[in-house]
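Chemist: Provided below: entry-v2.pdb, containing PDB, C-alpha atoms and all ligand atoms.
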MODEL        1
ATOM      1  CA  MET A   4       3.131 -39.634  66.640
ATOM      2  CA  THR A   5       0.317 -38.550  64.335
ATOM      3  CA  GLY A   6      -2.952 -40.413  63.936
ATOM      4  CA  LEU A   7      -1.945 -41.490  60.460
ATOM      5  CA  ALA A   8       1.302 -43.016  61.681
ATOM      6  CA  GLU A   9      -0.616 -44.864  64.407
ATOM      7  CA  ARG A  10      -3.019 -46.295  61.854
ATOM      8  CA  ILE A  11      -0.157 -47.311  59.565
ATOM      9  CA  ARG A  12       1.539 -49.101  62.439
ATOM     10  CA  GLY A  13      -1.727 -50.832  63.223
ATOM     11  CA  GLY A  14      -1.735 -52.321  59.720
ATOM     12  CA  ASP A  15      -4.568 -50.169  58.329
ATOM     13  CA  LEU A  16      -4.266 -50.628  54.571
ATOM     14  CA  ARG A  17      -5.911 -47.346  53.597
ATOM     15  CA  ALA A  18      -3.618 -45.474  55.952
ATOM     16  CA  LEU A  19      -0.662 -47.282  54.403
ATOM     17  CA  ALA A  20      -1.818 -46.272  50.912
ATOM     18  CA  ARG A  21      -2.145 -42.646  52.045
ATOM     19  CA  GLY A  22       1.271 -42.786  53.665
ATOM     20  CA  ALA A  23       2.746 -44.123  50.424
ATOM     21  CA  THR A  24       1.259 -41.210  48.482
ATOM     22  CA  ILE A  25       2.654 -38.740  51.020
ATOM     23  CA  VAL A  26       6.094 -40.343  50.766
ATOM     24  CA  GLU A  27       5.968 -40.252  46.970
ATOM     25  CA  ASN A  28       5.073 -36.551  47.014
ATOM     26  CA  ARG A  29       7.889 -35.910  49.493
ATOM     27  CA  GLY A  30       8.125 -32.615  51.333
ATOM     28  CA  PRO A  31       8.037 -31.803  55.080
ATOM     29  CA  GLN A  32       4.903 -33.887  55.663
ATOM     30  CA  ALA A  33       6.680 -36.976  54.348
ATOM     31  CA  ASP A  34       9.721 -36.331  56.539
ATOM     32  CA  GLU A  35       7.554 -35.903  59.620
ATOM     33  CA  LEU A  36       5.627 -39.103  58.914
ATOM     34  CA  MET A  37       8.785 -41.133  58.266
ATOM     35  CA  ALA A  38      10.569 -39.710  61.311
ATOM     36  CA  GLY A  39       7.657 -40.819  63.484
ATOM     37  CA  LEU A  40       7.628 -44.280  61.963
ATOM     38  CA  PHE A  41      11.374 -44.878  61.879
ATOM     39  CA  PRO A  42      11.590 -46.352  65.414
ATOM     40  CA  TYR A  43       9.233 -49.101  64.268
ATOM     41  CA  THR A  44      11.292 -50.151  61.272
ATOM     42  CA  GLY A  45      14.000 -52.785  61.019
ATOM     43  CA  ARG A  46      11.870 -55.905  61.260
ATOM     44  CA  ALA A  47      11.023 -56.713  57.640
ATOM     45  CA  LEU A  48      13.157 -58.824  55.342
ATOM     46  CA  LEU A  49      14.004 -56.624  52.380
ATOM     47  CA  ILE A  50      14.576 -58.478  49.109
ATOM     48  CA  GLY A  51      15.837 -56.641  46.022
ATOM     49  CA  ILE A  52      15.201 -58.258  42.637
ATOM     50  CA  THR A  53      16.933 -56.833  39.626
ATOM     51  CA  GLY A  54      17.541 -57.888  36.046
ATOM     52  CA  ALA A  55      16.883 -56.969  32.447
ATOM     53  CA  PRO A  56      13.397 -55.936  31.308
ATOM     54  CA  GLY A  57      11.340 -58.999  30.425
ATOM     55  CA  SER A  58      13.570 -61.399  32.376
ATOM     56  CA  GLY A  59      10.575 -62.433  34.469
ATOM     57  CA  LYS A  60      11.125 -60.382  37.630
ATOM     58  CA  SER A  61       7.451 -59.576  38.166
ATOM     59  CA  THR A  62       6.487 -63.187  37.563
ATOM     60  CA  LEU A  63       9.101 -64.251  40.138
ATOM     61  CA  VAL A  64       7.864 -61.650  42.634
ATOM     62  CA  ASP A  65       4.340 -62.968  42.185
ATOM     63  CA  GLN A  66       5.477 -66.550  42.851
ATOM     64  CA  ILE A  67       7.623 -65.610  45.834
ATOM     65  CA  THR A  68       4.670 -63.690  47.239
ATOM     66  CA  THR A  69       2.493 -66.791  46.901
ATOM     67  CA  VAL A  70       4.997 -68.855  48.903
ATOM     68  CA  TYR A  71       5.274 -66.277  51.702
ATOM     69  CA  ARG A  72       1.502 -65.892  51.842
ATOM     70  CA  ALA A  73       1.161 -69.654  52.235
ATOM     71  CA  GLU A  74       3.364 -69.223  55.327
ATOM     72  CA  SER A  75       0.953 -66.477  56.512
ATOM     73  CA  LYS A  76       3.626 -63.829  56.102
ATOM     74  CA  THR A  77       2.509 -60.394  54.950
ATOM     75  CA  VAL A  78       4.185 -58.985  51.872
ATOM     76  CA  GLY A  79       4.864 -55.535  50.460
ATOM     77  CA  VAL A  80       5.913 -55.114  46.847
ATOM     78  CA  ILE A  81       7.552 -52.058  45.350
ATOM     79  CA  ALA A  82       7.809 -52.108  41.561
ATOM     80  CA  VAL A  83      10.135 -49.455  40.260
ATOM     81  CA  ASP A  84       8.796 -48.750  36.822
ATOM     82  CA  PRO A  85      11.342 -47.709  34.265
ATOM     83  CA  THR A  86      10.389 -44.918  31.907
ATOM     84  CA  SER A  87      13.455 -45.766  29.893
ATOM     85  CA  PRO A  88      12.845 -46.792  26.279
ATOM     86  CA  TYR A  89      13.576 -50.427  27.194
ATOM     87  CA  THR A  90      10.021 -51.195  28.255
ATOM     88  CA  GLY A  91       6.586 -49.734  28.117
ATOM     89  CA  GLY A  92       3.512 -50.354  30.211
ATOM     90  CA  ALA A  93       5.379 -52.070  33.008
ATOM     91  CA  ILE A  94       2.877 -50.842  35.575
ATOM     92  CA  LEU A  95      -0.005 -52.352  33.657
ATOM     93  CA  GLY A  96       1.935 -55.587  33.213
ATOM     94  CA  ASP A  97       2.674 -55.775  36.919
ATOM     95  CA  ARG A  98      -0.981 -55.149  37.745
ATOM     96  CA  VAL A  99      -2.113 -57.946  35.495
ATOM     97  CA  ARG A 100       0.517 -60.322  36.822
ATOM     98  CA  MET A 101      -0.241 -59.568  40.459
ATOM     99  CA  GLN A 102      -4.000 -59.717  39.907
ATOM    100  CA  ARG A 103      -4.453 -62.860  41.933
ATOM    101  CA  HIS A 104      -3.032 -61.118  45.007
ATOM    102  CA  HIS A 105      -5.153 -58.019  44.590
ATOM    103  CA  ALA A 106      -7.981 -59.101  46.838
ATOM    104  CA  ASP A 107      -5.483 -60.219  49.497
ATOM    105  CA  ALA A 108      -4.997 -57.686  52.306
ATOM    106  CA  GLY A 109      -1.730 -59.466  53.110
ATOM    107  CA  VAL A 110      -0.183 -58.159  49.905
ATOM    108  CA  PHE A 111       0.388 -54.447  49.416
ATOM    109  CA  ILE A 112       1.701 -53.419  45.999
ATOM    110  CA  ARG A 113       2.989 -50.037  44.983
ATOM    111  CA  SER A 114       4.482 -48.981  41.673
ATOM    112  CA  VAL A 115       6.944 -46.111  41.599
ATOM    113  CA  ALA A 116       7.469 -44.330  38.327
ATOM    114  CA  THR A 117      11.046 -43.281  37.725
ATOM    115  CA  ARG A 118       9.712 -40.200  35.975
ATOM    116  CA  GLY A 119      10.304 -37.033  37.931
ATOM    117  CA  TRP A 120      12.503 -38.464  40.621
ATOM    118  CA  MET A 121      15.735 -36.986  39.336
ATOM    119  CA  GLY A 122      18.082 -39.139  41.321
ATOM    120  CA  GLY A 123      15.783 -39.331  44.319
ATOM    121  CA  LEU A 124      14.491 -42.644  43.080
ATOM    122  CA  SER A 125      16.374 -44.793  45.545
ATOM    123  CA  ARG A 126      15.219 -42.460  48.313
ATOM    124  CA  ALA A 127      11.588 -42.920  47.257
ATOM    125  CA  ALA A 128      11.909 -46.685  46.988
ATOM    126  CA  THR A 129      13.705 -47.110  50.298
ATOM    127  CA  ASP A 130      11.294 -44.766  52.102
ATOM    128  CA  LEU A 131       8.420 -46.862  50.761
ATOM    129  CA  ALA A 132      10.200 -49.970  51.989
ATOM    130  CA  LEU A 133      10.613 -48.425  55.460
ATOM    131  CA  LEU A 134       6.948 -47.438  55.431
ATOM    132  CA  MET A 135       5.860 -51.003  54.659
ATOM    133  CA  ASP A 136       8.314 -52.263  57.276
ATOM    134  CA  ALA A 137       6.777 -49.957  59.920
ATOM    135  CA  ALA A 138       3.337 -51.140  58.831
ATOM    136  CA  GLY A 139       4.361 -54.629  59.909
ATOM    137  CA  ARG A 140       4.974 -56.263  56.558
ATOM    138  CA  ASP A 141       7.119 -59.352  57.136
ATOM    139  CA  VAL A 142       8.711 -59.278  53.702
ATOM    140  CA  VAL A 143       9.220 -56.323  51.382
ATOM    141  CA  ILE A 144      10.239 -57.068  47.800
ATOM    142  CA  ILE A 145      11.632 -54.346  45.553
ATOM    143  CA  GLU A 146      11.689 -55.040  41.822
ATOM    144  CA  THR A 147      13.985 -52.835  39.777
ATOM    145  CA  VAL A 148      15.340 -53.036  36.277
ATOM    146  CA  GLY A 149      19.083 -53.657  36.408
ATOM    147  CA  VAL A 150      19.759 -50.791  34.066
ATOM    148  CA  GLY A 151      21.056 -47.491  35.322
ATOM    149  CA  GLN A 152      22.837 -46.534  38.495
ATOM    150  CA  ASP A 153      19.761 -45.624  40.501
ATOM    151  CA  GLU A 154      18.065 -48.932  39.907
ATOM    152  CA  VAL A 155      21.175 -50.907  40.747
ATOM    153  CA  GLU A 156      21.629 -48.828  43.896
ATOM    154  CA  ILE A 157      18.110 -49.672  45.059
ATOM    155  CA  ALA A 158      18.788 -53.378  44.751
ATOM    156  CA  ARG A 159      22.057 -52.894  46.640
ATOM    157  CA  LEU A 160      20.217 -51.387  49.625
ATOM    158  CA  ALA A 161      18.251 -54.569  50.288
ATOM    159  CA  ASP A 162      19.100 -57.287  52.816
ATOM    160  CA  VAL A 163      19.397 -59.735  49.940
ATOM    161  CA  THR A 164      19.994 -58.827  46.317
ATOM    162  CA  VAL A 165      18.750 -61.271  43.710
ATOM    163  CA  VAL A 166      20.031 -60.835  40.157
ATOM    164  CA  VAL A 167      17.882 -62.394  37.438
ATOM    165  CA  GLN A 168      19.400 -63.632  34.187
ATOM    166  CA  VAL A 169      17.821 -65.402  31.240
ATOM    167  CA  PRO A 170      19.428 -67.766  28.737
ATOM    168  CA  GLY A 171      19.810 -66.972  25.077
ATOM    169  CA  MET A 172      20.487 -63.268  25.311
ATOM    170  CA  GLY A 173      23.876 -63.406  23.656
ATOM    171  CA  ASP A 174      27.244 -64.696  24.766
ATOM    172  CA  ASP A 175      27.947 -62.126  27.421
ATOM    173  CA  VAL A 176      26.598 -62.506  30.889
ATOM    174  CA  GLN A 177      24.089 -59.662  31.044
ATOM    175  CA  ALA A 178      25.039 -58.811  34.600
ATOM    176  CA  ILE A 179      28.550 -57.913  33.552
ATOM    177  CA  LYS A 180      27.262 -55.545  30.919
ATOM    178  CA  ALA A 181      24.964 -53.871  33.392
ATOM    179  CA  GLY A 182      27.651 -53.901  36.080
ATOM    180  CA  ILE A 183      25.515 -55.824  38.518
ATOM    181  CA  MET A 184      27.595 -58.995  38.778
ATOM    182  CA  GLU A 185      29.209 -57.774  42.002
ATOM    183  CA  ILE A 186      25.967 -56.919  43.770
ATOM    184  CA  ALA A 187      24.387 -60.376  43.447
ATOM    185  CA  ASP A 188      23.905 -62.366  46.645
ATOM    186  CA  VAL A 189      21.833 -64.900  44.727
ATOM    187  CA  PHE A 190      21.735 -65.491  40.974
ATOM    188  CA  VAL A 191      18.547 -66.652  39.333
ATOM    189  CA  ILE A 192      18.560 -68.190  35.899
ATOM    190  CA  ASN A 193      14.919 -67.679  35.003
ATOM    191  CA  LYS A 194      13.314 -69.076  31.859
ATOM    192  CA  ALA A 195      15.376 -72.197  32.480
ATOM    193  CA  ASP A 196      12.884 -73.883  30.129
ATOM    194  CA  LEU A 197      14.583 -72.087  27.235
ATOM    195  CA  PRO A 198      17.753 -73.445  25.582
ATOM    196  CA  GLY A 199      21.090 -72.249  26.929
ATOM    197  CA  ALA A 200      20.416 -72.397  30.670
ATOM    198  CA  ALA A 201      23.368 -74.722  31.339
ATOM    199  CA  LYS A 202      25.680 -72.556  29.249
ATOM    200  CA  LEU A 203      24.565 -69.436  31.110
ATOM    201  CA  GLU A 204      25.171 -71.144  34.435
ATOM    202  CA  ARG A 205      28.737 -72.017  33.350
ATOM    203  CA  GLU A 206      29.310 -68.407  32.301
ATOM    204  CA  ILE A 207      28.034 -67.056  35.594
ATOM    205  CA  ARG A 208      30.195 -69.459  37.588
ATOM    206  CA  ASN A 209      33.273 -68.667  35.501
ATOM    207  CA  ASN A 210      32.765 -64.958  35.981
ATOM    208  CA  MET A 211      32.146 -65.389  39.659
ATOM    209  CA  THR A 212      35.676 -66.650  40.146
ATOM    210  CA  LEU A 213      36.955 -63.508  38.428
ATOM    211  CA  ALA A 214      34.779 -61.027  40.261
ATOM    212  CA  GLN A 215      35.876 -60.280  43.804
ATOM    213  CA  GLN A 216      33.010 -60.992  46.146
ATOM    214  CA  PRO A 217      33.439 -58.407  48.891
ATOM    215  CA  SER A 218      31.191 -60.329  51.257
ATOM    216  CA  CYS A 219      33.307 -63.510  51.017
ATOM    217  CA  TRP A 220      30.178 -65.256  49.874
ATOM    218  CA  THR A 221      29.898 -67.244  46.696
ATOM    219  CA  PRO A 222      26.419 -66.509  45.379
ATOM    220  CA  GLU A 223      24.199 -69.513  44.811
ATOM    221  CA  VAL A 224      22.894 -69.988  41.288
ATOM    222  CA  VAL A 225      19.259 -71.076  41.170
ATOM    223  CA  LYS A 226      17.299 -72.130  38.073
ATOM    224  CA  THR A 227      13.645 -71.160  37.857
ATOM    225  CA  VAL A 228      10.741 -71.305  35.444
ATOM    226  CA  ALA A 229       8.753 -68.534  37.013
ATOM    227  CA  HIS A 230       5.496 -68.771  35.083
ATOM    228  CA  GLU A 231       5.295 -72.464  35.990
ATOM    229  CA  ALA A 232       6.280 -71.829  39.635
ATOM    230  CA  LYS A 233       9.340 -74.076  39.246
ATOM    231  CA  GLY A 234      12.401 -73.507  41.427
ATOM    232  CA  ILE A 235      10.743 -70.917  43.665
ATOM    233  CA  ASP A 236      11.383 -72.893  46.856
ATOM    234  CA  ASP A 237      15.048 -73.244  45.831
ATOM    235  CA  LEU A 238      15.218 -69.480  45.389
ATOM    236  CA  ILE A 239      13.696 -68.770  48.796
ATOM    237  CA  GLY A 240      16.050 -71.377  50.275
ATOM    238  CA  ALA A 241      19.042 -69.576  48.781
ATOM    239  CA  VAL A 242      17.744 -66.256  50.127
ATOM    240  CA  ASN A 243      17.382 -67.757  53.601
ATOM    241  CA  ARG A 244      20.851 -69.344  53.493
ATOM    242  CA  PHE A 245      22.368 -66.008  52.584
ATOM    243  CA  ARG A 246      20.516 -64.292  55.415
ATOM    244  CA  GLU A 247      21.484 -66.875  58.050
ATOM    245  CA  GLY A 248      23.822 -65.427  60.639
ATOM    246  CA  ARG A 249      24.202 -62.208  58.693
ATOM    247  CA  PRO A 250      23.179 -58.819  60.061
ATOM    248  CA  ALA A 251      20.429 -57.085  58.093
ATOM    249  CA  ARG A 252      22.272 -55.097  55.452
ATOM    250  CA  ALA A 253      19.386 -52.693  54.852
ATOM    251  CA  GLN A 254      19.914 -51.432  58.420
ATOM    252  CA  SER A 255      23.701 -51.369  58.370
ATOM    253  CA  ALA A 256      25.829 -48.283  58.941
ATOM    254  CA  GLU A 257      27.314 -48.820  55.498
ATOM    255  CA  VAL A 258      23.924 -48.541  53.796
ATOM    256  CA  TRP A 259      22.833 -45.689  56.048
ATOM    257  CA  GLY A 260      26.053 -43.895  55.188
ATOM    258  CA  ARG A 261      25.064 -43.971  51.529
ATOM    259  CA  ARG A 262      21.470 -43.061  52.236
ATOM    260  CA  LEU A 263      22.310 -40.163  54.532
ATOM    261  CA  ARG A 264      24.631 -38.711  51.925
ATOM    262  CA  GLU A 265      21.899 -38.929  49.334
ATOM    263  CA  MET A 266      19.297 -37.398  51.644
ATOM    264  CA  LEU A 267      21.602 -34.534  52.512
ATOM    265  CA  ARG A 268      22.433 -33.917  48.861
ATOM    266  CA  GLU A 269      18.736 -33.879  48.019
ATOM    267  CA  LYS A 270      17.881 -31.508  50.891
ATOM    268  CA  LEU A 271      20.652 -29.129  49.918
ATOM    269  CA  LEU A 272      19.596 -29.092  46.285
ATOM    270  CA  GLU A 273      15.985 -28.494  47.309
ATOM    271  CA  ARG A 274      17.075 -25.202  48.832
ATOM    272  CA  VAL A 275      18.395 -23.907  45.531
ATOM    273  CA  PRO A 276      15.694 -22.892  43.035
ATOM    274  CA  ALA A 277      16.265 -24.678  39.730
ATOM    275  CA  THR A 278      15.990 -21.375  37.838
ATOM    276  CA  ASP A 279      18.822 -19.888  39.931
ATOM    277  CA  LEU A 280      20.926 -22.948  39.313
ATOM    278  CA  ASP A 281      20.261 -22.850  35.578
ATOM    279  CA  ARG A 282      21.101 -19.144  35.415
ATOM    280  CA  ALA A 283      24.340 -19.790  37.287
ATOM    281  CA  ALA A 284      25.133 -22.612  34.878
ATOM    282  CA  GLU A 285      24.738 -20.201  31.958
ATOM    283  CA  ASP A 286      27.028 -17.707  33.672
ATOM    284  CA  VAL A 287      29.661 -20.351  34.208
ATOM    285  CA  ALA A 288      29.306 -21.665  30.652
ATOM    286  CA  ALA A 289      29.835 -18.132  29.341
ATOM    287  CA  HIS A 290      32.794 -17.708  31.709
ATOM    288  CA  ARG A 291      31.098 -14.770  33.386
ATOM    289  CA  ARG A 292      31.489 -16.563  36.708
ATOM    290  CA  ASP A 293      33.546 -19.437  38.061
ATOM    291  CA  PRO A 294      31.819 -22.562  39.406
ATOM    292  CA  TYR A 295      33.759 -22.521  42.682
ATOM    293  CA  SER A 296      32.447 -19.204  43.917
ATOM    294  CA  VAL A 297      28.986 -20.075  42.567
ATOM    295  CA  THR A 298      28.950 -23.176  44.765
ATOM    296  CA  ARG A 299      30.262 -21.216  47.742
ATOM    297  CA  ASP A 300      27.617 -18.521  47.252
ATOM    298  CA  PHE A 301      24.815 -21.054  47.108
ATOM    299  CA  LEU A 302      26.054 -22.679  50.311
ATOM    300  CA  GLU A 303      26.341 -19.308  52.030
ATOM    301  CA  ARG A 304      22.819 -18.419  50.990
ATOM    302  CA  ILE A 305      21.446 -21.699  52.362
ATOM    303  CA  TYR A 306      23.370 -21.124  55.559
ATOM    304  CA  GLN A 307      22.008 -17.610  55.994
ATOM    305  CA  GLU A 308      18.454 -18.753  55.304
ATOM    306  CA  THR A 309      18.814 -21.448  57.948
ATOM    307  CA  GLN A 310      19.870 -18.918  60.596
TER     308      GLN A 310
HETATM  309  N1  LIG A 401       9.454 -69.156  28.894
HETATM  310  C1  LIG A 401       9.374 -68.501  30.051
HETATM  311  N2  LIG A 401       8.721 -67.329  30.110
HETATM  312  C2  LIG A 401       8.670 -66.685  31.291
HETATM  313  C3  LIG A 401       9.240 -67.210  32.471
HETATM  314  N3  LIG A 401       9.038 -66.347  33.476
HETATM  315  C4  LIG A 401       8.341 -65.305  32.969
HETATM  316  N4  LIG A 401       8.107 -65.502  31.649
HETATM  317  C5  LIG A 401       7.414 -64.597  30.726
HETATM  318  O1  LIG A 401       8.277 -63.503  30.421
HETATM  319  C6  LIG A 401       7.523 -62.323  30.188
HETATM  320  C7  LIG A 401       8.069 -61.178  31.013
HETATM  321  O2  LIG A 401       7.837 -61.435  32.372
HETATM  322  P1  LIG A 401       7.836 -60.292  33.479
HETATM  323  O3  LIG A 401       7.635 -60.960  34.786
HETATM  324  O4  LIG A 401       6.893 -59.197  33.115
HETATM  325  O5  LIG A 401       9.328 -59.724  33.355
HETATM  326  P2  LIG A 401       9.963 -58.412  34.017
HETATM  327  O6  LIG A 401       9.926 -57.337  33.000
HETATM  328  O7  LIG A 401      11.359 -58.800  34.351
HETATM  329  O8  LIG A 401       9.156 -58.078  35.240
HETATM  330  C8  LIG A 401       6.088 -62.663  30.503
HETATM  331  O9  LIG A 401       5.403 -62.913  29.311
HETATM  332  C9  LIG A 401       6.201 -63.928  31.343
HETATM  333  O10 LIG A 401       5.076 -64.760  31.247
HETATM  334  C10 LIG A 401       9.921 -68.473  32.373
HETATM  335  O11 LIG A 401      10.476 -68.997  33.339
HETATM  336  N5  LIG A 401       9.966 -69.070  31.138
HETATM  337 MG    MG A 402       8.212 -56.254  35.869
ENDMDL
END
Written as structure tokens, that's how I'd like the structure from this file.
Ligand SMILES: Nc1nc2c(ncn2[C@@H]2O[C@H](COP(=O)(O)OP(=O)(O)O)[C@@H](O)[C@H]2O)c(=O)[nH]1
Ligand SMILES: [Mg+2]
Modeler:
Amino acid sequence: MTGLAERIRGGDLRALARGATIVENRGPQADELMAGLFPYTGRALLIGITGAPGSGKSTLVDQITTVYRAESKTVGVIAVDPTSPYTGGAILGDRVRMQRHHADAGVFIRSVATRGWMGGLSRAATDLALLMDAAGRDVVIIETVGVGQDEVEIARLADVTVVVQVPGMGDDVQAIKAGIMEIADVFVINKADLPGAAKLEREIRNNMTLAQQPSCWTPEVVKTVAHEAKGIDDLIGAVNRFREGRPARAQSAEVWGRRLREMLREKLLERVPATDLDRAAEDVAAHRRDPYSVTRDFLERIYQETQ
């Protein structure tokens, strides 16, 4: 194992920050680092928090962090920042909100911009989570916006997936629109201080009976007022009840099956220069070539280069 990996394992914060940058930049160095650290992963509790922009996810993460810190648990936070037109300045907002934890070495926060990841977003987020896990963080919280397949997938990779809803955003349960109803292990109705919380709870419960819960678990519905720190213990209680007697999903063969497929896809695509791919796409569009032999040729080329 490299010196950097040793320092990360030892809990050195600057080493962890460097490791995070290496992971974000990807490449062979990142693979080598993560391969060395992988044997030391699998300890952390991985919590995914997803919901609409502005639903109070960051405020919840901040409050949850405070509770875990009071129990002397170390925390890692990964904020997946959407570059979608739904929000702006999320990184700045998260910084401001997490300010009170900034001086605390027991809290390590990293924002990941979705920009430039091109589908590798869940890979980046889960690698960061593994990195924090190897660094000895007891709890790793991933905040993602529940919009878009990538973001939903990230939340699905966690040991516990928390879906945040807020009252008064129309008649439809927002989770159904975003297609995240099925992935919730715990529902949070945040901003329960606003009108409509009881109505939203009824809607969620009604829809729950319709949606097939693959895990044979009826998700608990917890009401919170995040900025007033209300309901946070209930939320952590629901997380713990879900986790009780359940194997860690983040380390399951099912999740690794999805991750390995994505890693392989990414590695294969890395071997094909984008310009070649674009040129081939033009050829296919103009019917000069067929896509089947194009694919076969690319694979053959990768195979020959690997020899
Ligand atoms: N009324 C009310 N406002 C809240 C509550 N929780 C968070 N907020 C506010 O909602 C806004 C968005 O919160 P934020 O945590 O950034 O949401 P995110 O985009 O989901 O991360 C902020 O102005 C918070 O202060 C709550 O329970 N009730
Ligand atoms: Mg946020």
Chemist: Identify, on the basis of all atoms listed in the file, every residue whose closest approach to region 140-156 of chain A does not exceed 6 Å; exclude the query and any residue fewer than 3 positions from it along the same chain; express the result as a PyMOL selection string.
Modeler: chain A and resi 47-55+76-83+135-136+159
Chemist: Counting only C-alpha atoms and all ligand atoms, which residues of chain A sit at most 8 Å from some atom of ligand LIG 401 (chain A), and what is each one's closest atom pair with its distance in Å to one decimal, listed by chain and rising residue number, as a tab-separated table?
Modeler:
residue	atom	partner	partner_atom	distance
A:Thr53	CA	A:LIG401	O7	7.9
A:Gly54	CA	A:LIG401	O7	6.5
A:Ala55	CA	A:LIG401	O7	6.1
A:Pro56	CA	A:LIG401	O6	4.1
A:Gly57	CA	A:LIG401	O6	3.4
A:Ser58	CA	A:LIG401	O7	3.9
A:Gly59	CA	A:LIG401	O5	3.2
A:Lys60	CA	A:LIG401	O7	3.6
A:Ser61	CA	A:LIG401	O3	3.7
A:Thr62	CA	A:LIG401	O3	3.7
A:Leu63	CA	A:LIG401	O3	6.5
A:Val64	CA	A:LIG401	O3	7.9
A:Thr90	CA	A:LIG401	O6	7.8
A:Ala93	CA	A:LIG401	O6	7.0
A:Gly96	CA	A:LIG401	O4	6.1
A:Asp97	CA	A:LIG401	O4	6.6
A:Arg100	CA	A:LIG401	O3	7.4
A:Glu146	CA	A:LIG401	O8	7.7
A:Val148	CA	A:LIG401	O7	7.3
A:Asn193	CA	A:LIG401	O11	4.9
A:Lys194	CA	A:LIG401	O11	3.2
A:Ala195	CA	A:LIG401	O11	5.9
A:Asp196	CA	A:LIG401	N5	5.7
A:Leu197	CA	A:LIG401	N1	6.1
A:Thr227	CA	A:LIG401	O11	5.9
A:Val228	CA	A:LIG401	O11	3.1
A:Ala229	CA	A:LIG401	O11	4.1
A:His230	CA	A:LIG401	N3	4.6
A:Glu231	CA	A:LIG401	O11	6.8
A:Lys233	CA	A:LIG401	O11	7.9
Chemist: I need the output of the PyMOL selection byres (((chain A and resi 21) around 12) and not hetatm) for this file as number ranges by chain; which residues are they?
Modeler: A: 7-8, 10-11, 15-20, 22-28, 32-33, 36, 113, 131, 134-135
Chemist: Between CA of Ala137 (chain A) and CA of Val191 (chain A), what is the distance in Å, rounded to a tenth?
Modeler: 29.0 Å
Chemist: Interatomic distance between CA of Met172 (chain A) and CA of Gly199 (chain A)?
Modeler: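 Computed distance, CA of Met172 (chain A) to CA of Gly199 (chain A), equals 9.1 Å.
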Chemist: Give me, please, the distance in Å between CA of Pro31 (chain A) and CA of Ala108 (chain A), quoted to one decimal.
Modeler: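 Atom-to-atom, CA of Pro31 (chain A) and CA of Ala108 (chain A) are spaced 29.1 Å apart.
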Chemist: Name the residues in contact with region 238-242 of chain A at a cut-off of 9 Å, using all atoms listed in the file, excluding same-chain residues fewer than 3 positions from it; report them as number ranges by chain.
Modeler: A: 50, 67, 70, 163-165, 188-191, 222-227, 234-235, 245-247
Chemist: Tell me which of A:Asn210, A:Thr68, A:Gln254, A:Ser114 sits closest to Phe41 (chain A), counting all atoms listed in the file.
Modeler: A:Gln254
Chemist: Tell me which of A:Val115, A:Ile305, A:Leu280, A:Ala161 sits closest to ligand MG 402 (chain A), counting only C-alpha atoms and all ligand atoms.
Modeler: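 Closest to ligand MG 402 (chain A) of all the choices is A:Val115.
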Chemist: When you count all atoms listed in the file, which of these residues is closest to Ser255 (chain A): A:Glu269, A:Lys202, A:Ile192, A:Leu160?
Modeler: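 With all atoms listed in the file as the atom set, the closest residue is A:Leu160.
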Chemist: Could you list, as a PyMOL selection string, every residue matched by the PyMOL selection byres (((chain A and resi 301) around 10) and not hetatm) in this structure?
Modeler: chain A and resi 271-272+274-275+279-280+283+296-300+302-307
